>>> print(open('data-v2.cif').read())   # mmCIF, C-alpha atoms
data_start
#
loop_
_atom_site.label_atom_id
_atom_site.label_comp_id
_atom_site.auth_asym_id
_atom_site.auth_seq_id
_atom_site.Cartn_x
_atom_site.Cartn_y
_atom_site.Cartn_z
CA MET R 300 -68.53 110.17 -61.87
CA SER R 301 -65.86 109.43 -64.43
CA LEU R 302 -62.41 110.95 -64.36
CA GLU R 303 -63.14 112.82 -67.58
CA SER R 304 -66.12 114.71 -66.18
CA LEU R 305 -64.20 115.37 -62.98
CA VAL R 306 -61.45 117.06 -64.99
CA LEU R 307 -64.12 118.94 -66.94
CA TYR R 308 -65.71 120.25 -63.72
CA PHE R 309 -62.28 121.29 -62.44
CA PHE R 310 -61.46 123.27 -65.58
CA ALA R 311 -64.93 124.82 -65.67
CA ALA R 312 -64.54 125.98 -62.06
CA ALA R 313 -61.06 127.35 -62.83
CA ALA R 314 -62.33 129.28 -65.86
CA LEU R 315 -65.16 130.72 -63.79
CA ALA R 316 -62.78 131.69 -60.96
CA GLY R 317 -60.53 133.46 -63.47
CA GLY R 318 -63.50 135.40 -64.82
CA VAL R 319 -64.58 136.50 -61.34
CA LEU R 320 -61.01 137.49 -60.40
CA MET R 321 -60.90 139.73 -63.47
CA LEU R 322 -63.70 141.82 -62.01
CA VAL R 323 -62.21 141.98 -58.52
CA ALA R 324 -58.49 142.51 -59.19
CA ARG R 325 -57.29 146.07 -59.09
CA HIS R 326 -54.05 146.13 -61.04
CA PRO R 327 -54.29 145.42 -64.81
CA MET R 328 -51.44 142.93 -64.57
CA ARG R 329 -53.48 140.82 -62.14
CA VAL R 330 -56.48 141.10 -64.43
CA ALA R 331 -54.29 139.88 -67.30
CA LEU R 332 -53.04 136.93 -65.24
CA ALA R 333 -56.62 136.02 -64.27
CA LEU R 334 -57.62 136.16 -67.95
CA ILE R 335 -54.65 133.96 -68.88
CA SER R 336 -55.62 131.35 -66.27
CA SER R 337 -59.20 131.46 -67.53
CA MET R 338 -58.03 130.95 -71.13
CA VAL R 339 -55.74 128.06 -70.19
CA SER R 340 -58.64 126.40 -68.35
CA LEU R 341 -60.78 126.82 -71.47
CA ALA R 342 -58.01 125.14 -73.48
CA GLY R 343 -58.17 122.28 -70.97
CA ILE R 344 -61.93 122.04 -71.53
CA TYR R 345 -61.40 121.89 -75.30
CA ALA R 346 -58.82 119.12 -74.82
CA VAL R 347 -61.27 117.14 -72.65
CA LEU R 348 -63.91 117.57 -75.35
CA GLY R 349 -61.45 116.01 -77.82
CA VAL R 350 -61.02 119.15 -79.94
CA HIS R 351 -57.25 119.11 -79.57
CA VAL R 352 -56.48 121.41 -82.49
CA ILE R 353 -58.58 124.19 -81.00
CA ALA R 354 -57.00 123.63 -77.56
CA VAL R 355 -53.54 124.06 -79.10
CA PHE R 356 -54.61 127.19 -80.98
CA GLN R 357 -56.21 128.61 -77.84
CA VAL R 358 -52.86 128.36 -76.05
CA LEU R 359 -50.77 129.47 -79.04
CA ILE R 360 -52.85 132.37 -80.32
CA TYR R 361 -54.64 133.64 -77.21
CA VAL R 362 -52.20 132.98 -74.39
CA GLY R 363 -49.06 133.02 -76.55
CA ALA R 364 -49.72 135.99 -78.80
CA VAL R 365 -52.64 138.13 -77.61
CA MET R 366 -52.00 138.03 -73.87
CA VAL R 367 -48.23 138.41 -74.15
CA PHE R 368 -48.90 141.53 -76.22
CA MET R 369 -51.33 142.73 -73.55
CA VAL R 370 -48.80 142.13 -70.74
CA TYR R 371 -46.14 144.07 -72.67
CA VAL R 372 -48.50 147.03 -73.03
CA ILE R 373 -49.32 146.96 -69.30
CA MET R 374 -45.60 147.09 -68.54
CA LEU R 375 -45.27 150.15 -70.81
CA LEU R 376 -47.93 152.08 -68.91
CA ASP R 377 -47.72 154.53 -66.05
CA LEU R 378 -48.59 152.87 -62.76
CA ARG R 379 -49.78 156.09 -61.12
CA ASP R 380 -52.76 156.24 -63.45
CA PRO R 381 -55.95 157.08 -61.45
CA SER R 382 -57.82 154.28 -63.19
CA PHE R 383 -55.42 151.83 -61.57
CA LEU R 384 -56.29 153.03 -58.08
CA GLU R 385 -60.05 153.14 -58.43
CA ARG R 386 -61.53 150.00 -59.86
CA TYR R 387 -65.09 150.81 -60.76
CA GLY R 388 -66.91 153.57 -62.58
CA ARG R 389 -70.19 155.10 -61.49
CA ALA R 390 -72.85 152.83 -62.98
CA VAL R 391 -72.01 149.62 -61.09
CA VAL R 392 -75.47 148.63 -59.85
CA PRO R 393 -77.38 149.24 -63.13
CA SER R 394 -74.69 147.45 -65.15
CA VAL R 395 -74.73 144.40 -62.88
CA ALA R 396 -78.54 144.35 -63.05
CA LEU R 397 -78.41 144.65 -66.85
CA ALA R 398 -75.86 141.82 -67.05
CA GLY R 399 -78.09 139.68 -64.82
CA VAL R 400 -81.04 140.26 -67.14
CA LEU R 401 -78.80 139.44 -70.12
CA ALA R 402 -77.58 136.23 -68.48
CA ILE R 403 -81.13 135.12 -67.66
CA ALA R 404 -82.27 135.86 -71.22
CA LEU R 405 -79.31 133.95 -72.71
CA ALA R 406 -79.85 131.01 -70.34
CA ALA R 407 -83.55 130.93 -71.24
CA ALA R 408 -82.67 130.98 -74.94
CA VAL R 409 -80.15 128.14 -74.48
CA ALA R 410 -82.53 126.09 -72.33
CA GLY R 411 -85.39 126.62 -74.78
CA GLY R 412 -83.24 125.68 -77.76
CA ASP R 413 -83.75 122.35 -79.46
CA LEU R 414 -80.48 120.43 -79.09
CA MET R 415 -80.13 117.18 -81.02
CA SER R 416 -80.10 114.13 -78.75
CA ALA R 417 -77.51 111.37 -79.14
CA ALA R 418 -79.96 109.17 -81.06
CA GLU R 419 -80.82 111.95 -83.51
CA LEU R 420 -77.13 112.70 -83.99
CA ALA R 421 -76.43 109.04 -84.73
CA HIS R 422 -79.19 109.16 -87.36
CA TYR R 423 -77.72 112.40 -88.75
CA HIS R 424 -74.29 110.78 -89.02
CA ALA R 425 -75.66 107.57 -90.50
CA ASP R 426 -74.21 108.19 -93.97
CA ARG R 427 -70.79 109.33 -92.77
CA ALA R 428 -68.52 108.86 -89.79
CA PRO R 429 -68.59 111.66 -87.17
CA ALA R 430 -65.57 113.90 -87.52
CA THR R 431 -62.45 113.39 -85.45
CA PHE R 432 -60.80 116.64 -84.46
CA GLY R 433 -57.20 115.68 -85.14
CA VAL R 434 -54.64 117.75 -86.99
CA ALA R 435 -54.85 115.76 -90.24
CA PRO R 436 -58.64 116.03 -90.86
CA PHE R 437 -58.52 119.65 -89.75
CA SER R 438 -55.76 120.45 -92.27
CA THR R 439 -57.43 118.68 -95.17
CA GLU R 440 -60.68 120.47 -94.32
CA PHE R 441 -58.80 123.75 -94.64
CA LEU R 442 -57.07 122.86 -97.90
CA GLU R 443 -60.10 121.40 -99.65
CA PRO R 444 -63.53 122.95 -98.96
CA TYR R 445 -62.34 126.02 -97.02
CA TRP R 446 -59.20 127.00 -98.93
CA LEU R 447 -60.63 130.38 -99.89
CA HIS R 448 -61.45 131.27 -96.28
CA PHE R 449 -57.98 130.19 -95.23
CA GLU R 450 -56.39 132.48 -97.82
CA LEU R 451 -58.72 135.32 -96.85
CA THR R 452 -57.46 135.16 -93.26
CA SER R 453 -53.98 136.05 -94.53
CA VAL R 454 -55.47 139.08 -96.30
CA LEU R 455 -57.21 140.05 -93.07
CA LEU R 456 -53.97 139.75 -91.08
CA LEU R 457 -52.13 141.86 -93.67
CA ALA R 458 -54.85 144.52 -93.42
CA ALA R 459 -54.52 144.46 -89.61
CA VAL R 460 -50.75 144.94 -89.80
CA VAL R 461 -51.12 147.86 -92.22
CA ALA R 462 -53.82 149.42 -90.04
CA ALA R 463 -51.70 149.08 -86.88
CA ILE R 464 -48.74 150.77 -88.62
CA ALA R 465 -51.04 153.54 -89.90
CA VAL R 466 -52.44 154.16 -86.39
CA ILE R 467 -48.95 154.40 -84.91
CA ARG R 468 -47.75 156.74 -87.67
CA THR R 469 -50.65 159.19 -87.31
CA GLY R 470 -50.03 159.29 -83.56
CA ARG R 471 -46.37 160.08 -84.10
CA ARG R 472 -47.16 162.88 -86.55
CA ARG R 473 -49.46 164.53 -84.01
CA ASP R 474 -46.81 164.34 -81.29
CA GLY R 475 -43.93 165.70 -83.34
CA MET J 197 -76.07 117.58 -65.55
CA ASP J 198 -75.33 116.93 -69.18
CA ARG J 199 -71.85 117.89 -70.36
CA THR J 200 -73.12 120.11 -73.17
CA GLN J 201 -75.52 121.91 -70.85
CA LEU J 202 -72.78 122.52 -68.28
CA LEU J 203 -70.49 124.03 -70.91
CA LEU J 204 -73.26 126.19 -72.34
CA ALA J 205 -74.03 127.48 -68.85
CA LEU J 206 -70.33 128.24 -68.37
CA SER J 207 -70.32 130.04 -71.72
CA VAL J 208 -73.29 132.23 -70.73
CA THR J 209 -71.66 132.97 -67.37
CA LEU J 210 -68.32 133.97 -68.89
CA PHE J 211 -70.08 136.20 -71.43
CA SER J 212 -72.05 137.93 -68.68
CA LEU J 213 -68.96 138.34 -66.47
CA GLY J 214 -67.13 139.94 -69.38
CA PHE J 215 -70.11 142.19 -70.00
CA VAL J 216 -70.13 143.34 -66.38
CA GLY J 217 -66.40 144.01 -66.66
CA VAL J 218 -66.78 146.14 -69.78
CA MET J 219 -69.55 148.13 -68.11
CA ILE J 220 -68.08 148.77 -64.65
CA ARG J 221 -64.29 148.88 -64.94
CA ARG J 222 -62.64 152.26 -65.47
CA ASN J 223 -59.39 151.25 -67.11
CA ALA J 224 -59.56 151.07 -70.92
CA LEU J 225 -57.09 148.18 -71.07
CA VAL J 226 -59.03 146.17 -68.49
CA MET J 227 -62.20 146.81 -70.50
CA LEU J 228 -60.42 145.40 -73.55
CA MET J 229 -59.49 142.29 -71.60
CA CYS J 230 -63.08 141.85 -70.42
CA LEU J 231 -64.08 142.06 -74.09
CA GLU J 232 -61.71 139.16 -74.72
CA LEU J 233 -63.45 137.22 -71.93
CA MET J 234 -66.81 137.80 -73.67
CA LEU J 235 -65.33 136.52 -76.93
CA ASN J 236 -63.94 133.47 -75.12
CA GLY J 237 -67.39 132.69 -73.77
CA VAL J 238 -68.83 132.77 -77.28
CA ILE J 239 -65.99 130.60 -78.62
CA LEU J 240 -66.67 128.09 -75.84
CA SER J 241 -70.28 127.75 -76.98
CA LEU J 242 -69.11 127.37 -80.59
CA VAL J 243 -66.65 124.59 -79.66
CA THR J 244 -69.28 122.90 -77.50
CA PHE J 245 -71.74 122.79 -80.38
CA ALA J 246 -69.03 121.63 -82.80
CA ALA J 247 -67.99 118.80 -80.46
CA HIS J 248 -71.62 117.93 -79.75
CA SER J 249 -72.60 117.68 -83.41
CA GLY J 250 -69.28 116.12 -84.47
CA THR J 251 -68.75 118.38 -87.48
CA LEU J 252 -65.39 119.82 -88.49
CA ALA J 253 -66.94 122.98 -89.94
CA GLY J 254 -67.44 124.32 -86.42
CA ALA J 255 -63.76 123.85 -85.58
CA VAL J 256 -62.80 125.63 -88.81
CA LEU J 257 -65.09 128.51 -87.86
CA VAL J 258 -63.43 128.71 -84.41
CA PHE J 259 -60.04 128.99 -86.09
CA LEU J 260 -61.31 131.86 -88.25
CA VAL J 261 -62.68 133.58 -85.13
CA PHE J 262 -59.23 133.24 -83.52
CA VAL J 263 -57.66 135.01 -86.49
CA VAL J 264 -60.22 137.82 -86.33
CA ALA J 265 -59.60 138.20 -82.57
CA ALA J 266 -55.84 138.45 -83.14
CA ALA J 267 -56.37 141.12 -85.80
CA GLU J 268 -58.75 143.00 -83.51
CA ILE J 269 -56.21 143.07 -80.67
CA ALA J 270 -53.43 144.14 -83.05
CA ILE J 271 -55.44 147.27 -83.92
CA ALA J 272 -57.12 147.93 -80.56
CA ILE J 273 -53.95 148.02 -78.48
CA PRO J 274 -52.16 150.70 -80.58
CA ILE J 275 -55.33 152.80 -80.36
CA VAL J 276 -55.41 152.43 -76.55
CA LEU J 277 -51.70 153.31 -76.39
CA LEU J 278 -52.27 156.44 -78.48
CA LEU J 279 -55.20 157.49 -76.30
CA SER J 280 -53.12 157.04 -73.15
CA ARG J 281 -50.26 159.03 -74.67
CA GLN J 282 -52.60 161.87 -75.62
CA ARG J 283 -54.44 162.20 -72.29
CA ARG J 284 -51.82 160.72 -69.93
CA SER J 285 -54.59 158.50 -68.59
CA LEU J 286 -56.32 155.24 -69.32
CA ASP J 287 -59.41 156.23 -67.34
CA VAL J 288 -62.37 156.17 -69.70
CA GLY J 289 -63.80 159.12 -67.75
CA ALA J 290 -61.05 161.24 -69.32
CA TYR J 291 -62.65 160.77 -72.73
CA SER J 292 -66.09 161.97 -71.75
CA GLU J 293 -66.26 164.54 -74.55
CA LEU J 294 -66.91 161.58 -76.86
CA LYS J 295 -70.46 161.71 -75.47
CA GLY J 296 -71.26 164.44 -78.01
#
>>> encode(input="data-v2.cif", output="structure tokens")
Amino acid sequence: MSLESLVLYFFAAAALAGGVLMLVARHPMRVALALISSMVSLAGIYAVLGVHVIAVFQVLIYVGAVMVFMVYVIMLLDLRDPSFLERYGRAVVPSVALAGVLAIALAAAVAGGDLMSAAELAHYHADRAPATFGVAPFSTEFLEPYWLHFELTSVLLLAAVVAAIAVIRTGRRRDG
Amino acid sequence: MDRTQLLLALSVTLFSLGFVGVMIRRNALVMLMCLELMLNGVILSLVTFAAHSGTLAGAVLVFLVFVVAAAEIAIAIPIVLLLSRQRRSLDVGAYSELKG
């Protein structure tokens, strides 16, 4: 077994352990820390796969922005909340059974899917070199064929900011 | 086991774990985090396919999904905060009149 696949197995196990801890941990802060460890392990997997740009964005956007926001909100909340003391709702057994059925269906769909083999991929890439996932090709890809999508993300982010401000303002009006 | 198959299995597992979390946990914020775990499972499959096929379009799509996820969180968390301020609780059982 090569070192690369060993590292891959390690990160996969860590991501899985984080996901399981999220279900077991009681306090939301521990759930958040489990999710952060899971996300960092996924970033490690992306780095092993050679998709370094996505690994960096996973750490920057998910761990750096989204989860820090989440941790702040947890710190703002009341710790005597009943939902902090009791972990699970009523429908535990049916939900786990439903998730098991979903997992089996997804696994069957993935296993039944027709994935290109290495030889077919080499034939597919015969006319052009397979992409390298560095920063430079990624950036040119964004500025040439996908420039419109890139600009549209800024519109989406602006809409999200406006919507967040609107939600906060309506809440304040109801309180006061 | 093939590397792609291992990662796809991990992706399915993370998605299902997140699904279980959304269904069984009581705390609205924890449910939101389990939703993020589901999204991470889907992104893992997307990156796996992009790396497997060696196309940059997949990586570009992953970046766009990241932006959408950030926007989603920026709106969802103020809504959760407002709900908790209104009911003094994050227990989803406190909002049972939404059943209709």
>>> closest_residue(input="data-v2.cif", among="R:Val461, R:Val362, R:Val306, R:Val391", to="chain J", atoms="only C-alpha atoms")
R:Val391
>>> resolve_selection(input="data-v2.cif", expression="the PyMOL selection byres ((chain J) within 7 of (chain R))", output="PyMOL selection string")
chain J and resi 205-206+208-210+212-213+215-217+219-223+226+247+249-252+255+263+266-267+269-271+274-275+278+285-287
>>> atom_distance(input="data-v2.cif", atom1="atom CA of Lys295 of chain J", atom2="atom CA of Arg472 of chain R")
25.8 Å
>>> residues_around(input="data-v2.cif", residues="Leu240 of chain J", least_positions_apart="3", cutoff="8 Å", atoms="only C-alpha atoms", output="MDAnalysis selection string")
(chainID R and resid 341) or (chainID J and resid 203:204 207 236:237 243:244)
>>> atom_distance(input="data-v2.cif", atom1="atom CA of Met227 of chain J", atom2="atom CA of Leu202 of chain J")
26.6 Å
>>> atom_distance(input="data-v2.cif", atom1="atom CA of Ala408 of chain R", atom2="atom CA of Leu260 of chain J")
25.2 Å
>>> closest_residue(input="data-v2.cif", among="R:Trp446, R:Ala346, R:Tyr371, R:Ala333", to="Ile273 of chain J", atoms="all atoms listed in the file")
R:Tyr371
>>> closest_residue(input="data-v2.cif", among="R:Met374, R:Ala407, R:Ala313, R:Val339", to="Val355 of chain R", atoms="all atoms listed in the file")
R:Val339
>>> closest_residue(input="data-v2.cif", among="J:Val276, J:Gly254, J:Ser292, J:Arg283", to="Ala224 of chain J", atoms="only C-alpha atoms")
J:Val276
>>> axis_aligned_box(input="data-v2.cif", around="segment 392-395 of chain R", padding_each_side="8 Å", output="JSON")
{"center_x": -76.0, "center_y": 146.8, "center_z": -62.5, "size_x": 18.7, "size_y": 20.8, "size_z": 21.3}
>>> closest_residue(input="data-v2.cif", among="J:Arg199, J:Leu225, J:Glu232, J:Gly214", to="Ala265 of chain J", atoms="all atoms listed in the file")
J:Glu232
>>> build_atoms(input="data-v2.cif", residues="segment 222-255 of chain J", atoms="N, CA and C atoms", output="tab-separated table (two decimals), in the coordinates of the input")
chain	number	residue	atom	x	y	z
J	222	ARG	N	-63.00	150.94	-64.98
J	222	ARG	CA	-62.64	152.26	-65.47
J	222	ARG	C	-61.50	152.23	-66.48
J	223	ASN	N	-60.61	151.27	-66.31
J	223	ASN	CA	-59.39	151.25	-67.11
J	223	ASN	C	-59.68	150.71	-68.51
J	224	ALA	N	-59.25	151.45	-69.54
J	224	ALA	CA	-59.56	151.07	-70.92
J	224	ALA	C	-58.95	149.71	-71.27
J	225	LEU	N	-57.75	149.45	-70.75
J	225	LEU	CA	-57.09	148.18	-71.07
J	225	LEU	C	-57.81	147.01	-70.41
J	226	VAL	N	-58.28	147.22	-69.18
J	226	VAL	CA	-59.03	146.17	-68.49
J	226	VAL	C	-60.35	145.91	-69.22
J	227	MET	N	-60.97	146.99	-69.73
J	227	MET	CA	-62.20	146.81	-70.50
J	227	MET	C	-61.93	145.95	-71.73
J	228	LEU	N	-60.79	146.19	-72.38
J	228	LEU	CA	-60.42	145.40	-73.55
J	228	LEU	C	-60.26	143.93	-73.19
J	229	MET	N	-59.67	143.68	-72.01
J	229	MET	CA	-59.49	142.29	-71.60
J	229	MET	C	-60.83	141.64	-71.27
J	230	CYS	N	-61.76	142.41	-70.70
J	230	CYS	CA	-63.08	141.85	-70.42
J	230	CYS	C	-63.80	141.53	-71.73
J	231	LEU	N	-63.54	142.35	-72.76
J	231	LEU	CA	-64.08	142.06	-74.09
J	231	LEU	C	-63.56	140.72	-74.60
J	232	GLU	N	-62.28	140.46	-74.33
J	232	GLU	CA	-61.71	139.16	-74.72
J	232	GLU	C	-62.40	138.02	-73.97
J	233	LEU	N	-62.75	138.27	-72.70
J	233	LEU	CA	-63.45	137.22	-71.93
J	233	LEU	C	-64.82	136.94	-72.54
J	234	MET	N	-65.52	138.00	-73.00
J	234	MET	CA	-66.81	137.80	-73.67
J	234	MET	C	-66.62	136.94	-74.91
J	235	LEU	N	-65.58	137.27	-75.69
J	235	LEU	CA	-65.33	136.52	-76.93
J	235	LEU	C	-65.01	135.07	-76.61
J	236	ASN	N	-64.27	134.84	-75.50
J	236	ASN	CA	-63.94	133.47	-75.12
J	236	ASN	C	-65.18	132.69	-74.74
J	237	GLY	N	-66.14	133.37	-74.10
J	237	GLY	CA	-67.39	132.69	-73.77
J	237	GLY	C	-68.12	132.25	-75.02
J	238	VAL	N	-68.15	133.12	-76.03
J	238	VAL	CA	-68.83	132.77	-77.28
J	238	VAL	C	-68.11	131.62	-77.99
J	239	ILE	N	-66.76	131.67	-77.97
J	239	ILE	CA	-65.99	130.60	-78.62
J	239	ILE	C	-66.24	129.28	-77.91
J	240	LEU	N	-66.39	129.33	-76.57
J	240	LEU	CA	-66.67	128.09	-75.84
J	240	LEU	C	-67.99	127.47	-76.31
J	241	SER	N	-69.01	128.31	-76.51
J	241	SER	CA	-70.28	127.75	-76.98
J	241	SER	C	-70.13	127.17	-78.38
J	242	LEU	N	-69.34	127.86	-79.22
J	242	LEU	CA	-69.11	127.37	-80.59
J	242	LEU	C	-68.42	126.01	-80.58
J	243	VAL	N	-67.37	125.87	-79.74
J	243	VAL	CA	-66.65	124.59	-79.66
J	243	VAL	C	-67.56	123.51	-79.10
J	244	THR	N	-68.38	123.89	-78.08
J	244	THR	CA	-69.28	122.90	-77.50
J	244	THR	C	-70.24	122.36	-78.55
J	245	PHE	N	-70.82	123.25	-79.35
J	245	PHE	CA	-71.74	122.79	-80.38
J	245	PHE	C	-71.02	121.97	-81.44
J	246	ALA	N	-69.78	122.39	-81.78
J	246	ALA	CA	-69.03	121.63	-82.80
J	246	ALA	C	-68.72	120.22	-82.30
J	247	ALA	N	-68.31	120.11	-81.01
J	247	ALA	CA	-67.99	118.80	-80.46
J	247	ALA	C	-69.26	117.97	-80.28
J	248	HIS	N	-70.36	118.65	-79.94
J	248	HIS	CA	-71.62	117.93	-79.75
J	248	HIS	C	-72.12	117.35	-81.07
J	249	SER	N	-72.05	118.15	-82.13
J	249	SER	CA	-72.60	117.68	-83.41
J	249	SER	C	-71.57	116.89	-84.21
J	250	GLY	N	-70.29	116.90	-83.79
J	250	GLY	CA	-69.28	116.12	-84.47
J	250	GLY	C	-69.00	116.57	-85.89
J	251	THR	N	-69.06	117.88	-86.14
J	251	THR	CA	-68.75	118.38	-87.48
J	251	THR	C	-67.47	119.21	-87.42
J	252	LEU	N	-66.65	119.07	-88.46
J	252	LEU	CA	-65.39	119.82	-88.49
J	252	LEU	C	-65.60	121.28	-88.86
J	253	ALA	N	-66.72	121.60	-89.50
J	253	ALA	CA	-66.94	122.98	-89.94
J	253	ALA	C	-66.93	123.93	-88.75
J	254	GLY	N	-67.45	123.48	-87.61
J	254	GLY	CA	-67.44	124.32	-86.42
J	254	GLY	C	-66.02	124.64	-85.96
J	255	ALA	N	-65.15	123.63	-85.99
J	255	ALA	CA	-63.76	123.85	-85.58
J	255	ALA	C	-63.07	124.82	-86.53
